[in-house]
file input-v7.txt (compact mmCIF, C-alpha atoms)
# COMPACT_ATOMS: atom_id res chain seq x y z
CA MET X 40 65.46 -30.23 -65.21
CA GLU X 41 63.35 -32.09 -62.62
CA MET X 42 65.84 -31.13 -59.92
CA SER X 43 65.62 -27.44 -60.71
CA PHE X 44 61.80 -27.65 -60.82
CA LEU X 45 61.85 -29.41 -57.46
CA ASN X 46 64.19 -26.74 -56.09
CA THR X 47 61.80 -24.02 -57.23
CA ILE X 48 58.86 -25.76 -55.61
CA VAL X 49 60.74 -26.30 -52.36
CA PHE X 50 61.89 -22.68 -52.35
CA LYS X 51 58.26 -21.60 -52.72
CA THR X 52 57.21 -23.34 -49.50
CA GLY X 53 57.32 -21.43 -46.26
CA ILE X 54 59.50 -23.97 -44.49
CA VAL X 55 62.79 -22.89 -46.05
CA HIS X 56 62.09 -19.25 -45.16
CA LEU X 57 61.46 -19.90 -41.48
CA TYR X 58 63.81 -18.34 -38.94
CA TRP X 59 63.86 -18.18 -35.14
CA GLY X 60 61.96 -14.87 -35.10
CA HIS X 61 58.89 -16.50 -36.63
CA ILE X 62 58.91 -19.20 -33.98
CA VAL X 63 59.14 -16.60 -31.20
CA MET X 64 56.16 -14.76 -32.70
CA TRP X 65 54.16 -17.99 -32.93
CA ALA X 66 54.87 -18.52 -29.24
CA ILE X 67 53.59 -15.00 -28.50
CA GLY X 68 50.47 -15.63 -30.60
CA PHE X 69 49.82 -18.96 -28.89
CA ALA X 70 50.37 -17.33 -25.48
CA PHE X 71 47.60 -14.80 -26.24
CA ILE X 72 45.25 -17.56 -27.35
CA TYR X 73 46.13 -19.54 -24.22
CA LEU X 74 45.52 -16.54 -21.92
CA ALA X 75 42.19 -15.89 -23.63
CA ILE X 76 40.97 -19.48 -23.41
CA LYS X 77 42.45 -20.52 -20.07
CA HIS X 78 42.22 -17.25 -18.09
CA GLN X 79 39.49 -15.40 -20.03
CA PHE X 80 41.77 -12.34 -20.53
CA GLU X 81 39.89 -10.19 -23.09
CA PRO X 82 39.08 -13.33 -25.13
CA LEU X 83 37.10 -11.47 -27.80
CA LEU X 84 40.27 -9.64 -28.73
CA LEU X 85 43.12 -11.90 -27.75
CA VAL X 86 41.87 -14.86 -29.81
CA PRO X 87 41.79 -12.98 -33.15
CA ILE X 88 44.94 -11.02 -32.25
CA GLY X 89 46.80 -14.20 -31.32
CA PHE X 90 45.70 -15.93 -34.50
CA GLY X 91 46.61 -12.84 -36.54
CA ILE X 92 50.12 -12.91 -35.05
CA PHE X 93 50.44 -16.59 -35.89
CA ILE X 94 49.36 -16.42 -39.53
CA VAL X 95 51.25 -13.27 -40.39
CA ASN X 96 54.44 -14.96 -39.20
CA LEU X 97 54.05 -17.91 -41.52
CA PRO X 98 56.70 -16.93 -44.06
CA ILE X 99 55.85 -15.78 -47.59
CA THR X 100 52.10 -16.10 -47.03
CA PRO X 101 50.21 -13.59 -49.19
CA LEU X 102 48.39 -11.94 -46.30
CA MET X 103 49.90 -8.63 -45.23
CA GLY X 104 51.93 -7.54 -48.23
CA VAL X 105 51.25 -5.89 -51.57
CA THR X 106 51.23 -7.87 -54.81
CA GLU X 107 53.47 -7.00 -57.76
CA GLY X 108 50.43 -5.37 -59.35
CA GLY X 109 50.16 -3.08 -56.33
CA GLN X 110 47.10 -4.81 -54.88
CA ARG X 111 46.90 -5.24 -51.12
CA GLU X 112 46.66 -8.74 -49.70
CA LEU X 113 43.79 -9.90 -47.46
CA LEU X 114 44.89 -8.75 -43.99
CA ASN X 115 46.49 -5.67 -45.47
CA ILE X 116 43.06 -4.75 -46.88
CA PHE X 117 41.48 -5.15 -43.41
CA PHE X 118 44.29 -3.08 -41.90
CA HIS X 119 44.21 -0.39 -44.55
CA TYR X 120 40.45 0.19 -44.68
CA GLY X 121 39.79 -0.67 -41.06
CA LEU X 122 42.57 1.10 -39.21
CA GLU X 123 44.40 3.42 -41.59
CA TRP X 124 41.08 4.76 -42.83
CA GLU X 125 39.97 5.22 -39.18
CA VAL X 126 36.84 3.10 -39.63
CA ILE X 127 37.13 0.48 -36.89
CA PRO X 128 37.85 2.51 -33.70
CA PRO X 129 34.92 4.91 -34.24
CA LEU X 130 32.59 1.97 -34.96
CA ILE X 131 33.70 0.35 -31.70
CA PHE X 132 32.90 3.65 -30.00
CA LEU X 133 29.41 3.52 -31.56
CA GLY X 134 28.91 0.15 -29.87
CA VAL X 135 30.39 1.37 -26.59
CA GLY X 136 28.01 4.35 -26.64
CA ALA X 137 25.06 2.03 -27.25
CA LEU X 138 26.15 -0.18 -24.35
CA THR X 139 26.90 2.60 -21.86
CA ASP X 140 24.50 4.14 -19.37
CA PHE X 141 25.66 7.71 -18.78
CA GLY X 142 23.08 8.11 -16.00
CA PRO X 143 25.60 8.00 -13.10
CA LEU X 144 27.66 10.70 -14.81
CA ILE X 145 24.62 12.89 -15.53
CA ALA X 146 23.49 12.51 -11.92
CA ASN X 147 26.88 13.63 -10.59
CA PRO X 148 28.70 15.65 -13.28
CA LYS X 149 31.55 16.74 -10.98
CA VAL X 150 33.10 13.29 -11.37
CA LEU X 151 33.99 14.33 -14.94
CA ILE X 152 37.00 15.99 -13.34
CA LEU X 153 38.13 12.61 -12.02
CA GLY X 154 38.04 11.34 -15.61
CA ALA X 155 40.32 14.24 -16.55
CA ALA X 156 42.71 13.59 -13.65
CA ALA X 157 43.01 9.95 -14.67
CA GLN X 158 44.67 11.12 -17.88
CA PHE X 159 47.68 12.16 -15.77
CA GLY X 160 49.45 8.91 -16.60
CA VAL X 161 49.13 9.68 -20.31
CA TYR X 162 51.30 12.77 -19.95
CA VAL X 163 53.78 11.29 -17.45
CA THR X 164 54.35 8.38 -19.82
CA PHE X 165 54.66 10.75 -22.74
CA PHE X 166 57.75 12.18 -21.05
CA GLY X 167 58.97 8.73 -20.03
CA ALA X 168 58.83 7.60 -23.66
CA LEU X 169 60.74 10.69 -24.78
CA LEU X 170 63.48 9.95 -22.27
CA LEU X 171 63.72 6.40 -23.60
CA GLY X 172 64.44 7.76 -27.06
CA PHE X 173 61.03 7.67 -28.74
CA LYS X 174 60.06 10.53 -31.04
CA ILE X 175 57.29 12.92 -29.97
CA PRO X 176 54.47 11.32 -32.07
CA GLU X 177 55.58 7.86 -30.88
CA ALA X 178 55.63 9.08 -27.26
CA ALA X 179 52.07 10.40 -27.64
CA ALA X 180 50.88 7.05 -28.99
CA ILE X 181 52.55 5.24 -26.08
CA GLY X 182 51.27 7.73 -23.49
CA ILE X 183 47.66 7.25 -24.52
CA ILE X 184 47.87 3.62 -23.30
CA GLY X 185 47.45 5.22 -19.84
CA GLY X 186 43.90 6.13 -20.77
CA ALA X 187 43.14 2.39 -20.74
CA ASP X 188 41.09 2.68 -23.86
CA GLY X 189 41.92 0.21 -26.64
CA PRO X 190 40.09 1.85 -29.57
CA THR X 191 41.48 5.30 -28.73
CA THR X 192 45.00 3.89 -28.45
CA ILE X 193 44.62 2.25 -31.87
CA TYR X 194 43.06 5.37 -33.38
CA LEU X 195 45.87 7.64 -32.21
CA THR X 196 48.69 5.21 -32.96
CA ALA X 197 47.40 4.56 -36.49
CA LYS X 198 47.61 8.29 -37.10
CA LEU X 199 50.83 9.22 -35.32
CA ALA X 200 53.01 6.09 -35.24
CA PRO X 201 51.46 3.26 -37.29
CA HIS X 202 54.63 1.15 -36.99
CA LEU X 203 53.96 0.84 -33.23
CA LEU X 204 50.34 -0.21 -33.64
CA GLY X 205 50.77 -3.85 -32.64
CA ALA X 206 52.78 -3.07 -29.52
CA THR X 207 50.58 -0.23 -28.24
CA ALA X 208 47.34 -2.11 -28.94
CA ILE X 209 48.54 -5.28 -27.25
CA SER X 210 49.90 -3.30 -24.32
CA ALA X 211 46.61 -1.38 -23.88
CA TYR X 212 44.41 -4.46 -24.06
CA SER X 213 46.74 -6.56 -21.89
CA TYR X 214 46.74 -4.00 -19.11
CA MET X 215 42.98 -3.45 -19.47
CA ALA X 216 42.57 -7.16 -18.83
CA MET X 217 44.90 -6.86 -15.84
CA VAL X 218 43.13 -3.90 -14.20
CA PRO X 219 41.99 -6.15 -11.30
CA LEU X 220 45.64 -6.99 -10.61
CA ILE X 221 47.26 -3.59 -11.22
CA GLN X 222 44.88 -1.16 -9.54
CA PRO X 223 44.09 -2.57 -6.04
CA PRO X 224 47.64 -2.25 -4.60
CA ILE X 225 47.87 1.36 -5.81
CA MET X 226 44.40 2.09 -4.43
CA ARG X 227 45.33 0.72 -1.01
CA LEU X 228 48.70 2.47 -1.00
CA LEU X 229 47.25 5.92 -1.69
CA THR X 230 44.16 5.83 0.53
CA THR X 231 43.57 5.38 4.23
CA GLU X 232 41.18 2.80 5.66
CA LYS X 233 38.88 5.64 6.75
CA GLU X 234 38.78 7.04 3.21
CA ARG X 235 38.01 3.64 1.71
CA LYS X 236 35.05 3.32 4.08
CA ILE X 237 33.39 6.56 3.00
CA HIS X 238 29.76 5.98 2.03
CA MET X 239 28.49 8.25 -0.72
CA LYS X 240 25.03 9.79 -0.99
CA GLN X 241 22.69 7.87 -3.27
CA LEU X 242 22.63 9.25 -6.83
CA ARG X 243 19.51 11.16 -7.87
CA PRO X 244 17.27 9.60 -10.53
CA VAL X 245 17.96 10.89 -14.04
CA SER X 246 15.06 11.65 -16.38
CA LYS X 247 14.82 10.29 -19.91
CA LEU X 248 15.00 13.82 -21.31
CA GLU X 249 18.34 14.43 -19.56
CA LYS X 250 19.68 11.20 -21.01
CA ILE X 251 18.61 12.24 -24.50
CA VAL X 252 20.03 15.75 -24.19
CA PHE X 253 23.40 14.54 -22.84
CA PRO X 254 24.77 13.03 -26.10
CA LEU X 255 23.78 16.20 -27.96
CA VAL X 256 25.37 18.57 -25.44
CA GLY X 257 28.40 16.31 -25.05
CA THR X 258 29.03 16.11 -28.79
CA ALA X 259 28.64 19.86 -29.21
CA ILE X 260 31.02 20.81 -26.39
CA ILE X 261 33.77 18.27 -27.05
CA CYS X 262 33.72 18.55 -30.84
CA LEU X 263 33.66 22.35 -30.78
CA LEU X 264 36.62 22.50 -28.41
CA VAL X 265 38.62 19.55 -29.76
CA PRO X 266 37.49 18.89 -33.36
CA ASP X 267 40.12 16.18 -33.82
CA SER X 268 38.32 14.00 -31.29
CA ALA X 269 35.10 14.17 -33.33
CA PRO X 270 35.34 10.76 -35.07
CA LEU X 271 35.44 9.04 -31.68
CA MET X 272 33.20 11.34 -29.66
CA ALA X 273 30.51 11.76 -32.30
CA MET X 274 30.18 7.99 -32.75
CA LEU X 275 30.19 7.37 -28.99
CA MET X 276 27.39 9.86 -28.52
CA LEU X 277 25.43 8.63 -31.54
CA GLY X 278 25.49 5.12 -30.09
CA ASN X 279 24.28 6.53 -26.79
CA LEU X 280 21.50 8.48 -28.51
CA PHE X 281 20.38 5.22 -30.17
CA ARG X 282 20.19 3.70 -26.69
CA GLU X 283 18.38 6.51 -24.94
CA CYS X 284 15.96 7.88 -27.53
CA GLY X 285 13.87 4.71 -27.40
CA VAL X 286 12.67 4.77 -31.01
CA VAL X 287 15.52 2.99 -32.82
CA ASP X 288 15.68 -0.25 -30.94
CA ARG X 289 16.90 -2.17 -34.00
CA LEU X 290 19.80 0.20 -34.57
CA ASN X 291 20.63 0.15 -30.87
CA LYS X 292 20.75 -3.64 -30.82
CA ALA X 293 22.76 -3.78 -34.06
CA ALA X 294 25.32 -1.32 -32.68
CA GLN X 295 25.61 -3.25 -29.41
CA ASN X 296 25.78 -6.72 -30.92
CA GLU X 297 26.21 -7.53 -34.62
CA LEU X 298 28.19 -4.45 -35.63
CA MET X 299 30.36 -4.51 -32.51
CA ASN X 300 31.13 -8.21 -33.00
CA ILE X 301 31.95 -7.89 -36.70
CA VAL X 302 34.19 -4.90 -36.11
CA THR X 303 35.93 -6.68 -33.21
CA ILE X 304 36.90 -9.54 -35.52
CA PHE X 305 38.48 -7.17 -38.04
CA LEU X 306 40.13 -5.13 -35.29
CA GLY X 307 41.70 -8.15 -33.63
CA ILE X 308 43.04 -9.77 -36.74
CA SER X 309 44.31 -6.46 -38.18
CA VAL X 310 46.17 -5.60 -34.98
CA GLY X 311 47.67 -9.09 -34.78
CA ALA X 312 48.72 -8.83 -38.40
CA THR X 313 50.90 -5.79 -37.67
CA MET X 314 53.12 -7.91 -35.42
CA ARG X 315 55.58 -9.44 -37.87
CA ALA X 316 58.82 -10.81 -36.49
CA GLU X 317 60.92 -8.54 -38.74
CA SER X 318 59.52 -5.38 -37.17
CA PHE X 319 58.31 -6.55 -33.75
CA LEU X 320 61.36 -8.27 -32.33
CA SER X 321 63.29 -5.27 -31.06
CA PRO X 322 63.71 -3.56 -27.67
CA LYS X 323 60.98 -1.03 -28.52
CA PRO X 324 57.94 -3.24 -27.79
CA VAL X 325 59.49 -4.19 -24.43
CA PHE X 326 59.87 -0.49 -23.57
CA ILE X 327 56.27 0.08 -24.67
CA PHE X 328 55.02 -2.67 -22.34
CA VAL X 329 56.93 -1.19 -19.40
CA LEU X 330 55.76 2.33 -20.22
CA GLY X 331 52.18 1.07 -20.55
CA LEU X 332 52.31 -0.21 -16.98
CA VAL X 333 53.74 3.12 -15.78
CA ALA X 334 50.93 4.93 -17.61
CA PHE X 335 48.26 2.76 -15.97
CA ALA X 336 49.74 3.24 -12.51
CA PHE X 337 49.98 7.03 -12.81
CA SER X 338 46.49 7.33 -14.29
CA THR X 339 45.06 5.34 -11.38
CA ALA X 340 47.01 7.51 -8.94
CA GLY X 341 45.92 10.72 -10.71
CA GLY X 342 42.22 9.92 -10.29
CA LEU X 343 42.67 8.88 -6.66
CA MET X 344 44.70 11.93 -5.67
CA LEU X 345 42.29 14.38 -7.26
CA ALA X 346 39.37 12.72 -5.46
CA LYS X 347 41.28 13.18 -2.18
CA PHE X 348 41.97 16.81 -3.08
CA LEU X 349 38.30 17.48 -3.89
CA ASN X 350 37.35 16.09 -0.49
CA LEU X 351 39.16 19.02 1.13
CA PHE X 352 36.42 21.29 -0.24
CA LEU X 353 33.33 19.11 -0.56
CA LYS X 354 30.61 18.88 2.09
CA ASP X 355 29.42 15.49 0.84
CA LYS X 356 32.70 13.58 0.69
CA ILE X 357 33.45 11.28 -2.21
CA ASN X 358 35.11 7.93 -1.72
CA PRO X 359 38.55 8.43 -3.34
CA LEU X 360 38.47 4.86 -4.64
CA ILE X 361 36.06 5.98 -7.37
CA GLY X 362 38.86 8.21 -8.73
CA SER X 363 40.75 5.12 -9.84
CA ALA X 364 37.82 4.24 -12.10
CA GLY X 365 38.67 7.34 -14.13
CA VAL X 366 40.79 5.11 -16.36
CA SER X 367 38.48 4.14 -19.17
CA ALA X 368 38.43 0.33 -18.92
CA VAL X 369 34.62 0.11 -18.75
CA PRO X 370 33.19 -1.43 -16.61
CA MET X 371 36.18 -3.35 -15.26
CA ALA X 372 37.69 -0.39 -13.36
CA ALA X 373 34.33 0.42 -11.73
CA ARG X 374 33.97 -3.22 -10.63
CA VAL X 375 37.46 -3.11 -9.11
CA THR X 376 36.44 0.00 -7.14
CA GLN X 377 33.35 -1.80 -5.88
CA ARG X 378 35.40 -4.84 -4.86
CA VAL X 379 38.12 -2.89 -3.02
CA GLY X 380 35.47 -0.77 -1.28
CA GLN X 381 33.56 -3.84 -0.14
CA GLN X 382 36.71 -5.46 1.22
CA GLU X 383 36.76 -2.61 3.79
CA ASP X 384 33.02 -2.41 4.30
CA PRO X 385 30.72 -5.03 2.76
CA LYS X 386 27.75 -2.62 3.06
CA ASN X 387 29.40 0.02 0.87
CA PHE X 388 28.07 -0.02 -2.70
CA LEU X 389 30.35 2.06 -4.91
CA LEU X 390 29.65 0.53 -8.32
CA MET X 391 27.19 3.14 -9.60
CA HIS X 392 29.29 5.98 -8.15
CA ALA X 393 32.36 4.58 -9.91
CA MET X 394 30.56 4.27 -13.25
CA GLY X 395 30.48 8.09 -13.46
CA PRO X 396 34.28 8.60 -13.51
CA ASN X 397 34.61 5.42 -15.55
CA VAL X 398 32.60 6.76 -18.49
CA ALA X 399 34.14 10.21 -17.91
CA GLY X 400 37.48 8.48 -18.49
CA VAL X 401 36.33 7.35 -21.95
CA ILE X 402 35.49 10.96 -22.80
CA GLY X 403 38.74 12.18 -21.23
CA THR X 404 40.94 9.77 -23.17
CA ALA X 405 39.24 10.59 -26.48
CA THR X 406 39.75 14.28 -25.68
CA ALA X 407 43.43 13.72 -24.84
CA ALA X 408 43.88 11.85 -28.14
CA GLY X 409 42.19 14.68 -30.02
CA LEU X 410 44.49 17.20 -28.35
CA PHE X 411 47.58 15.20 -29.32
CA LEU X 412 46.36 15.21 -32.91
CA THR X 413 45.62 18.93 -32.78
CA ILE X 414 49.19 19.72 -31.76
CA LEU X 415 51.15 17.05 -33.60
CA ARG X 416 49.48 16.71 -36.98
CA MET W 112 67.48 14.95 -30.07
CA ILE W 113 64.30 15.73 -28.13
CA GLN W 114 62.47 18.92 -29.06
CA TRP W 115 61.81 19.94 -25.46
CA ASP W 116 59.90 23.09 -26.36
CA LEU W 117 57.37 21.09 -28.41
CA ALA W 118 57.23 18.35 -25.78
CA LEU W 119 56.48 20.87 -23.03
CA ARG W 120 53.83 22.50 -25.22
CA VAL W 121 52.20 19.11 -25.81
CA PHE W 122 52.21 18.42 -22.06
CA ALA W 123 50.93 21.82 -20.92
CA PHE W 124 48.37 22.28 -23.70
CA GLY W 125 47.25 18.67 -23.52
CA LEU W 126 46.72 18.32 -19.78
CA THR W 127 45.16 21.77 -19.44
CA GLY W 128 43.01 21.11 -22.49
CA VAL W 129 41.60 17.88 -21.06
CA PHE W 130 40.71 19.59 -17.76
CA VAL W 131 39.21 22.68 -19.41
CA THR W 132 37.17 20.64 -21.90
CA LEU W 133 35.74 18.32 -19.27
CA ALA W 134 35.14 21.20 -16.86
CA LEU W 135 33.13 23.02 -19.53
CA LEU W 136 31.19 19.85 -20.27
CA MET W 137 30.52 19.53 -16.54
CA LEU W 138 29.23 23.09 -16.41
CA CYS W 139 26.95 22.55 -19.41
CA MET W 140 25.62 19.34 -17.85
CA PHE W 141 24.84 21.16 -14.59
CA VAL W 142 23.04 23.95 -16.44
CA SER W 143 21.13 21.73 -18.87
CA GLY W 144 20.20 19.35 -16.04
CA LEU W 145 18.92 22.23 -13.96
CA ILE W 146 16.81 23.62 -16.82
CA ILE W 147 15.37 20.20 -17.67
CA ARG W 148 14.49 19.41 -14.06
CA LYS W 149 12.84 22.84 -13.57
CA THR W 150 10.83 22.36 -16.76
CA ILE W 151 9.71 18.89 -15.69
CA ASN W 152 8.79 20.18 -12.21
CA LYS W 153 6.72 23.02 -13.69
CA LYS W 154 4.89 20.60 -15.96
CA THR W 155 4.07 18.23 -13.11
CA GLN W 156 2.82 21.15 -10.92
CA LYS W 157 0.39 22.16 -13.67
call {"tool": "encode", "arguments": {"input": "input-v7.txt", "output": "structure tokens"}}
result
Amino acid sequence: MEMSFLNTIVFKTGIVHLYWGHIVMWAIGFAFIYLAIKHQFEPLLLVPIGFGIFIVNLPITPLMGVTEGGQRELLNIFFHYGLEWEVIPPLIFLGVGALTDFGPLIANPKVLILGAAAQFGVYVTFFGALLLGFKIPEAAAIGIIGGADGPTTIYLTAKLAPHLLGATAISAYSYMAMVPLIQPPIMRLLTTEKERKIHMKQLRPVSKLEKIVFPLVGTAIICLLVPDSAPLMAMLMLGNLFRECGVVDRLNKAAQNELMNIVTIFLGISVGATMRAESFLSPKPVFIFVLGLVAFAFSTAGGLMLAKFLNLFLKDKINPLIGSAGVSAVPMAARVTQRVGQQEDPKNFLLMHAMGPNVAGVIGTATAAGLFLTILR
Amino acid sequence: MIQWDLALRVFAFGLTGVFVTLALLMLCMFVSGLIIRKTINKKTQK
């Protein structure tokens, strides 16, 4: 009697259900936490993601499943209402909008085209993923990693290929953190020294009225043309309207700080919780990581090459390095542009010029995601 | 089996769509910026 009771108790501990896959996933989770703490790689995300991976791979823990009564367990509730219900990515966009100054883009709207060109990697990778055996919706979710926009990647993947959410999200955020390593060699390879030394004309000052009108015009145009991008675009522009209108300082600060931080916690832990050993340990995530790198490289190249092409027609030449900032990673990609530019000429200040294509990239990636949804849903 | 016709449609429609959408936004920003600046200039001249 006592033996069978003891057996039951022992069988109800996690230890007897452990297998090598769980240990591998713990190692991955700990590696993320290590990278965040030691190397400051996207710590706000990698710490909760890493911890999420760890706890969801503790066997038979009631965290990510559904009870016999059909009730979702804790992390499953965060995942369901946060990601499957599309709540978290648009709220992150609200915060991004509140944090972003669109002034450089308003002052020089032609750089919007560089933001479009930097989506090239999205479509190249889409084909790459198809050739590796992924289905079309999966290939779209993988391709969007090339936009270098974490929330958009999560938003699209949750809709088109939710089973790949962990891998695409981790891939997107990992490469976003590695922008300073990935982009400079491509930038140097595709530009000449003379091009990297181009000084650009100072941007004109932008009036407050222009900054207030921009989110309204932007929302109208994008949402009329690509309605499926509305959840992201509308929230991005609302956040920016909070910032620029000057009369809702409390809302602006809440969107930038408290709301953004709360949502980031739920985003990180929900994404980490999708990475269970049973589903994650397969060749697919490895392919997704490789394809993510391809996507980043082609997106960087797309922005650079279009900037070079535009220079054939423009009187006031643009420094092609700012094209690489068309990938969305804000403001990291713009900082990389500034750094590479200053390595050639310390007196060249490209940061504000690069912020234009950088924020255009955010709009471009959300548009690309909306277009995928338009066609594939 | 890859549905190449759908894949090509996604590629062509998607890439063109991104460029067209952002180009239209660019145009609207030029026009609205021009109108706003002219209005502000007129007001300051008065």
call {"tool": "closest_atom_pairs", "arguments": {"input": "input-v7.txt", "of": "chain X", "to": "chain W", "cutoff": "7 Å", "atoms": "all atoms listed in the file", "output": "CSV"}}
result
residue,atom,partner,partner_atom,distance
X:Ile145,CA,W:Met140,CA,6.9
X:Pro148,CA,W:Met137,CA,5.4
X:Lys149,CA,W:Met137,CA,6.3
X:Leu151,CA,W:Leu133,CA,6.1
X:Ile152,CA,W:Leu133,CA,6.5
X:Ala155,CA,W:Phe130,CA,5.5
X:Tyr162,CA,W:Phe122,CA,6.1
X:Ile175,CA,W:Ala118,CA,6.9
X:Glu249,CA,W:Gly144,CA,6.3
X:Gly257,CA,W:Leu136,CA,6.6
X:Ile260,CA,W:Leu136,CA,6.2
X:Ile261,CA,W:Thr132,CA,6.6
X:Leu264,CA,W:Thr132,CA,6.8
X:Gly403,CA,W:Val129,CA,6.4
X:Thr406,CA,W:Val129,CA,6.1
X:Ala407,CA,W:Val129,CA,5.9
X:Leu410,CA,W:Gly125,CA,5.8
X:Phe411,CA,W:Gly125,CA,6.8
X:Ile414,CA,W:Val121,CA,6.7
call {"tool": "residues_around", "arguments": {"input": "input-v7.txt", "residues": "Thr376 (chain X)", "least_positions_apart": "2", "cutoff": "12 Å", "atoms": "all atoms listed in the file", "output": "PyMOL selection string"}}
result
chain X and resi 218-219+222-227+235-236+339+342-343+358-366+368-374+378-383+387-397
call {"tool": "axis_aligned_box", "arguments": {"input": "input-v7.txt", "around": "region 369-378 of chain X", "padding_each_side": "3 Å", "output": "JSON"}}
result
{"center_x": 35.4, "center_y": -2.2, "center_z": -11.8, "size_x": 10.5, "size_y": 11.3, "size_z": 19.9}
call {"tool": "atom_distance", "arguments": {"input": "input-v7.txt", "atom1": "CA of Ile127 (chain X)", "atom2": "CA of Leu195 (chain X)"}}
result
12.2 Å
call {"tool": "closest_residue", "arguments": {"input": "input-v7.txt", "among": "X:Asn296, X:Thr231, X:Asn291, X:Thr404", "to": "Met344 (chain X)", "atoms": "all atoms listed in the file"}}
result
X:Thr231
